[in-house]
Amino acid sequence: MPVTTLSPLRSGIAAVAGFALIAGAITVPGSAMAQTNGPASVADLAAPLLDAVVNISTSQSVKSEGKGPTPPRIPEGSPFQEFFKDYFDNQTPESGGKVSSLGSGFVIDPAGYVVTNNHVIEGADDIEVIFPNGNKLKAKLVGTDTKTDLSVLKVEPKTPLKAVKFGDSRAMRIGDWVMAIGNPFGLGGSLSVGVVSARGRNINAGPYDNFIQTDAAINKGNSGGPLFNMKGEVIGINTAIISPSGGSIGIGFSVPTELAQNIVQQLIEFGETRRGWLGVRVQPVTEDIAASLGMETARGALISGVVKGGPVENGPIQPGDVVLTFDGKNIQEMRDLPRVVAESPVGKEVDVVVLRDGKEQTLKVKLGQLQDTAEDQQPGATNEEATPDDGDGEGNEMTVPDDKDGDQTQQQAPEQREAPQTVLGMNLVALTDELRSEKGIAESVEGVFVASVEAGSPAEQKGVKAGDVIVEVGQDFMEVPGDVMVRVNGLKSAGRKNAHIMVADAQGNLRFVAVPLE
């Protein structure tokens with residue numbers, strides 16, 4: 001499965017089917033809270049927190065043409081189209097070549113460290129923090145992380161500031177009460193109360209999506225504000241909403257502190273994030289792939305390739321492995337692995353449980369450091385080229401599930417094994433040097449060439465196309481067309497319903513497909 005590289009969150013959220021760079025929801029009425037045994041009042045809880053929530057005001061120099069910042073790309077017909085058009089049309093500077101924007105943030109250290117969203121301060125020339133009492137302080141950018149839309153600012157106060165503490169977002173349950181405070185226009189704190197509507201939300205905003213969904217009302221200008229639990233601890237940073245009008249409709253998203261806290265600490269300490277890196281490509285474990293591997297349920301992350309020069313280039317993780325747990329954390333679906341790897345310390349040796357050849361194995365892996373300069377690299381997925389096996393097809397042990405399959409392989413004459421074959425709708429030929437040169441197939445790619453695919457065939461339905469190369473079938477390396485025929489027949493005899501096939505494109509990018517055998 002090809003890896004998709006995501007854009008930074010400023011444009012990423014806005015361009016994704018109705019997500020805006022603010023968070024929002026519907027305030028729960030007091031009568032409703034009383035009927036459901038909610039808090040009678042949060043006034044005492046909120047009082048000491050309000051002074052720690054600040055307004056972030058930025059200004060940005062623009063060219064003399066006076067067009068202001070370039071607005072995010074909004075799909076035609078999007079409910080945000082008119083909202084963003086109105087906003088950016090009003091940003092043309094009257095004088096001085098400056099445009100301004102407003103957002104929220106919160107103080108996490110009395111010495112003057114402030115957390116906000118990256119999209120609030122992105123591109124700003126001047127940043128000013130405005131406190132609820134009206135005091136204003138110039139801020140400098142300590143560090144920013146576009147992948148999670150978080151930034152840390154630093155102001156120099158004359159006296160210690162009131163600060164709030166991070167709590168444990170992992171302890172939050174669906175239905176738990178939360179309180180959102182923002183300072184959207186520098187007028188003082190704006191408060192709303194709601195509940196945790198959902199956890200672990202993926203809104204395709206970045207590689208580490210794990211949002212808390214809440215119905216605590218947050219609107220324009222509240223980006224970067226804190227989401228509190230009922231202990232007064234920050235358990236989320238409000239970042240995005242779904243909204244047809246730019247205002248609250250009751251669906252808002254916050255970056256959980258289980259992800260944010262480590263990033264904030266790294267930005268303060270290093271001025272950058274230092275994420276763990278595994279150096280692999282991953283793809284989902286579908287129901288078909290799970291069945292082809294003999295798994296009872298579809299879970300885990302399927303390794304489809306290993307990066308040259310990465311931490312596991314020479315093992316122990318191999319293409320075809322399914323990662324089930326990483327450093328003691330369950331990997332339920334593919335997107336869990338990049339996030340868990342990224343949260344792990346660089347250089348740490350961790351236990352990784354994988355499914356290989358139908359059996360669970362525990363491997364020891366030492367993590368490298370993800371380099372943000374290679375934007376396409378992600379802890380669990382990368383666009384760098386991966387080389388299957390050792391690149392020459394020799395020395396790869398041919399493992400088969402029973403002696404019958406092995407006997408068939410040995411009994412075939414060389415000319416029979418190398419002759420063209422049609423298997424599962426794929427017309428297969430040997431990958432010769434001449435064919436490699438003609439089709440532009442990378443030297444790292446080894447296997448059997450797919451000359452054509454029959455329309456409506458099982459292989460065509462699973463995305464196999466002419467020009468692909470079959471590298472493995474049932475975790476066995478395929479050298480010539482006859483190998484594919486023998487392996488598929490062996491899987492049928494073993495009662496398998498799908499053939500687990502590793503496919504490479506001409507550039508060597510790997511993916512796995514589960515092709516029905518019936």
# chains A, B, ... in the order shown; residues from 1 in each chain; ligands from 1
>>> residues_around(residues="Gly194 in chain A", least_positions_apart="3", cutoff="6 Å", atoms="only C-alpha atoms", output="list in words")
Val28, Trp177, Val178, Asp215 and Ala216 of chain A
>>> write_last_selection(atoms="N, CA and C atoms", output="PDB file, in the first residue's frame")
ATOM      1  N   VAL A  28     -23.265  22.385  27.214  1.00  0.00           N
ATOM      2  CA  VAL A  28     -24.322  21.631  27.881  1.00  0.00           C
ATOM      3  C   VAL A  28     -25.077  22.569  28.815  1.00  0.00           C
ATOM      4  N   TRP A 177     -16.846  14.516  32.384  1.00  0.00           N
ATOM      5  CA  TRP A 177     -17.022  15.951  32.218  1.00  0.00           C
ATOM      6  C   TRP A 177     -15.686  16.633  31.949  1.00  0.00           C
ATOM      7  N   VAL A 178     -15.723  17.607  31.047  1.00  0.00           N
ATOM      8  CA  VAL A 178     -14.543  18.409  30.736  1.00  0.00           C
ATOM      9  C   VAL A 178     -14.949  19.877  30.650  1.00  0.00           C
ATOM     10  N   ASP A 215     -17.853  17.856  23.274  1.00  0.00           N
ATOM     11  CA  ASP A 215     -18.937  18.766  22.899  1.00  0.00           C
ATOM     12  C   ASP A 215     -18.870  20.052  23.726  1.00  0.00           C
ATOM     13  N   ALA A 216     -17.758  20.286  24.446  1.00  0.00           N
ATOM     14  CA  ALA A 216     -17.583  21.560  25.146  1.00  0.00           C
ATOM     15  C   ALA A 216     -17.373  22.655  24.105  1.00  0.00           C
TER      16      ALA A 216
END
>>> atom_distance(atom1="CA of Val193 in chain A", atom2="CA of Ile181 in chain A")
8.9 Å
>>> select_by_dssp(residues="range 100-305 of chain A", states="strand (DSSP E)", output="PyMOL selection string")
chain A and resi 100-109+113-117+126-130+136-145+150-154+177-182+190-201+211-214+226-228+234-242+252-256+276-277+280-284+301-305
>>> closest_residue(among="A:Glu333, A:Glu128, A:Asp483, A:Asp351", to="Ser104 in chain A", atoms="only C-alpha atoms")
A:Glu128
>>> residues_around(residues="Val196 in chain A", least_positions_apart="6", cutoff="12 Å", atoms="only C-alpha atoms", output="PyMOL selection string")
chain A and resi 25+28+169-180+211-217+227-230+235-236+250-254+256
>>> residues_around(residues="Lys366 in chain A", least_positions_apart="2", cutoff="7 Å", atoms="only C-alpha atoms", output="PDB file with N, CA and C atoms, in the first residue's frame")
ATOM      1  N   PRO A 311      16.945   1.663  11.201  1.00  0.00           N
ATOM      2  CA  PRO A 311      17.331   0.879  12.380  1.00  0.00           C
ATOM      3  C   PRO A 311      17.173  -0.628  12.207  1.00  0.00           C
ATOM      4  N   GLY A 347      16.946   5.670  20.724  1.00  0.00           N
ATOM      5  CA  GLY A 347      17.991   4.817  21.256  1.00  0.00           C
ATOM      6  C   GLY A 347      17.507   3.741  22.215  1.00  0.00           C
ATOM      7  N   LYS A 348      16.221   3.760  22.543  1.00  0.00           N
ATOM      8  CA  LYS A 348      15.695   2.764  23.479  1.00  0.00           C
ATOM      9  C   LYS A 348      15.573   1.405  22.793  1.00  0.00           C
ATOM     10  N   GLU A 349      15.928   0.344  23.509  1.00  0.00           N
ATOM     11  CA  GLU A 349      15.734  -1.015  23.018  1.00  0.00           C
ATOM     12  C   GLU A 349      14.387  -1.523  23.528  1.00  0.00           C
ATOM     13  N   VAL A 350      13.531  -1.902  22.625  1.00  0.00           N
ATOM     14  CA  VAL A 350      12.170  -2.277  22.996  1.00  0.00           C
ATOM     15  C   VAL A 350      11.866  -3.696  22.524  1.00  0.00           C
ATOM     16  N   LYS A 364      13.879  -7.962  19.715  1.00  0.00           N
ATOM     17  CA  LYS A 364      14.490  -6.797  20.352  1.00  0.00           C
ATOM     18  C   LYS A 364      14.861  -5.795  19.256  1.00  0.00           C
ATOM     19  N   GLY A 368      15.981   4.334  16.141  1.00  0.00           N
ATOM     20  CA  GLY A 368      16.746   5.477  15.681  1.00  0.00           C
ATOM     21  C   GLY A 368      15.967   6.751  15.918  1.00  0.00           C
TER      22      GLY A 368
END
>>> closest_residue(among="A:Leu370, A:Arg487, A:Val354, A:Lys231", to="Ile331 in chain A", atoms="only C-alpha atoms")
A:Val354
>>> residues_around(residues="Leu141 in chain A", least_positions_apart="3", cutoff="12 Å", atoms="only C-alpha atoms", output="ChimeraX atom specification")
/A:56,58,112-118,120-129,138,144-145,150-155,267-268,271-272
>>> atom_distance(atom1="CA of Val423 in chain A", atom2="CA of Ile289 in chain A")
18.5 Å
>>> atom_distance(atom1="CA of Val473 in chain A", atom2="CA of Val365 in chain A")
26.5 Å
>>> closest_residue(among="A:Ser444, A:Gln265, A:Gln332, A:Asn135", to="Val285 in chain A", atoms="only C-alpha atoms")
A:Gln332
>>> residues_around(residues="Val515 in chain A", least_positions_apart="3", cutoff="9 Å", atoms="only C-alpha atoms", output="ChimeraX atom specification")
/A:288-289,292,424,458-459,461-462,497-501
>>> decode(residues="range 446-483 of chain A", atoms="N, CA and C atoms", output="tab-separated table (two decimals), in the first residue's frame")
chain	number	residue	atom	x	y	z
A	446	GLU	N	13.11	-8.13	-7.35
A	446	GLU	CA	13.23	-9.52	-7.81
A	446	GLU	C	11.89	-10.22	-7.67
A	447	GLY	N	11.61	-11.16	-8.57
A	447	GLY	CA	10.36	-11.90	-8.52
A	447	GLY	C	9.88	-12.28	-9.89
A	448	VAL	N	8.57	-12.35	-10.04
A	448	VAL	CA	7.93	-12.78	-11.29
A	448	VAL	C	7.13	-11.61	-11.86
A	449	PHE	N	7.32	-11.34	-13.14
A	449	PHE	CA	6.71	-10.17	-13.77
A	449	PHE	C	5.26	-10.46	-14.16
A	450	VAL	N	4.38	-9.49	-13.87
A	450	VAL	CA	2.98	-9.58	-14.27
A	450	VAL	C	2.84	-8.91	-15.64
A	451	ALA	N	2.70	-9.71	-16.69
A	451	ALA	CA	2.60	-9.17	-18.05
A	451	ALA	C	1.25	-8.52	-18.30
A	452	SER	N	0.20	-9.11	-17.76
A	452	SER	CA	-1.15	-8.55	-17.90
A	452	SER	C	-2.04	-9.17	-16.84
A	453	VAL	N	-3.19	-8.54	-16.61
A	453	VAL	CA	-4.15	-9.04	-15.63
A	453	VAL	C	-5.52	-9.08	-16.28
A	454	GLU	N	-6.19	-10.21	-16.17
A	454	GLU	CA	-7.50	-10.38	-16.79
A	454	GLU	C	-8.55	-9.53	-16.07
A	455	ALA	N	-9.37	-8.85	-16.87
A	455	ALA	CA	-10.42	-8.00	-16.31
A	455	ALA	C	-11.40	-8.82	-15.48
A	456	GLY	N	-11.73	-8.35	-14.30
A	456	GLY	CA	-12.68	-9.04	-13.43
A	456	GLY	C	-12.10	-10.19	-12.66
A	457	SER	N	-10.81	-10.47	-12.82
A	457	SER	CA	-10.19	-11.59	-12.12
A	457	SER	C	-9.95	-11.25	-10.65
A	458	PRO	N	-9.72	-12.26	-9.81
A	458	PRO	CA	-9.45	-11.98	-8.39
A	458	PRO	C	-8.27	-11.03	-8.20
A	459	ALA	N	-7.22	-11.21	-8.99
A	459	ALA	CA	-6.04	-10.34	-8.84
A	459	ALA	C	-6.37	-8.90	-9.22
A	460	GLU	N	-7.14	-8.73	-10.30
A	460	GLU	CA	-7.49	-7.37	-10.73
A	460	GLU	C	-8.34	-6.67	-9.68
A	461	GLN	N	-9.23	-7.41	-9.06
A	461	GLN	CA	-10.10	-6.84	-8.03
A	461	GLN	C	-9.31	-6.39	-6.81
A	462	LYS	N	-8.14	-6.98	-6.58
A	462	LYS	CA	-7.32	-6.62	-5.43
A	462	LYS	C	-6.22	-5.62	-5.78
A	463	GLY	N	-6.27	-5.08	-7.01
A	463	GLY	CA	-5.36	-4.00	-7.36
A	463	GLY	C	-4.06	-4.41	-8.01
A	464	VAL	N	-3.88	-5.69	-8.31
A	464	VAL	CA	-2.68	-6.11	-9.04
A	464	VAL	C	-2.84	-5.66	-10.49
A	465	LYS	N	-1.76	-5.11	-11.06
A	465	LYS	CA	-1.85	-4.58	-12.43
A	465	LYS	C	-0.62	-4.97	-13.23
A	466	ALA	N	-0.74	-4.84	-14.54
A	466	ALA	CA	0.38	-5.14	-15.43
A	466	ALA	C	1.56	-4.24	-15.07
A	467	GLY	N	2.75	-4.85	-15.04
A	467	GLY	CA	3.96	-4.12	-14.67
A	467	GLY	C	4.38	-4.35	-13.23
A	468	ASP	N	3.49	-4.92	-12.42
A	468	ASP	CA	3.86	-5.29	-11.05
A	468	ASP	C	4.77	-6.51	-11.07
A	469	VAL	N	5.42	-6.75	-9.94
A	469	VAL	CA	6.27	-7.93	-9.78
A	469	VAL	C	5.83	-8.68	-8.54
A	470	ILE	N	5.56	-9.97	-8.69
A	470	ILE	CA	5.18	-10.82	-7.56
A	470	ILE	C	6.46	-11.26	-6.86
A	471	VAL	N	6.67	-10.78	-5.63
A	471	VAL	CA	7.89	-11.07	-4.89
A	471	VAL	C	7.72	-12.33	-4.03
A	472	GLU	N	6.60	-12.40	-3.29
A	472	GLU	CA	6.34	-13.55	-2.44
A	472	GLU	C	4.89	-13.98	-2.55
A	473	VAL	N	4.65	-15.25	-2.35
A	473	VAL	CA	3.30	-15.78	-2.19
A	473	VAL	C	3.33	-16.67	-0.95
A	474	GLY	N	2.43	-16.41	-0.01
A	474	GLY	CA	2.42	-17.20	1.22
A	474	GLY	C	3.73	-17.14	1.97
A	475	GLN	N	4.42	-15.96	1.91
A	475	GLN	CA	5.70	-15.71	2.58
A	475	GLN	C	6.85	-16.51	2.01
A	476	ASP	N	6.69	-17.06	0.78
A	476	ASP	CA	7.78	-17.73	0.07
A	476	ASP	C	8.20	-16.88	-1.12
A	477	PHE	N	9.49	-16.76	-1.36
A	477	PHE	CA	10.01	-15.99	-2.49
A	477	PHE	C	9.67	-16.68	-3.80
A	478	MET	N	9.26	-15.90	-4.80
A	478	MET	CA	8.89	-16.40	-6.12
A	478	MET	C	9.98	-16.03	-7.13
A	479	GLU	N	10.57	-17.03	-7.76
A	479	GLU	CA	11.66	-16.78	-8.70
A	479	GLU	C	11.21	-16.86	-10.15
A	480	VAL	N	10.33	-17.78	-10.45
A	480	VAL	CA	9.84	-17.98	-11.82
A	480	VAL	C	8.34	-18.26	-11.76
A	481	PRO	N	7.61	-18.14	-12.90
A	481	PRO	CA	6.14	-18.30	-12.89
A	481	PRO	C	5.66	-19.62	-12.29
A	482	GLY	N	6.40	-20.71	-12.53
A	482	GLY	CA	5.97	-21.99	-12.00
A	482	GLY	C	5.93	-22.02	-10.49
A	483	ASP	N	6.78	-21.24	-9.82
A	483	ASP	CA	6.77	-21.16	-8.37
A	483	ASP	C	5.43	-20.64	-7.86
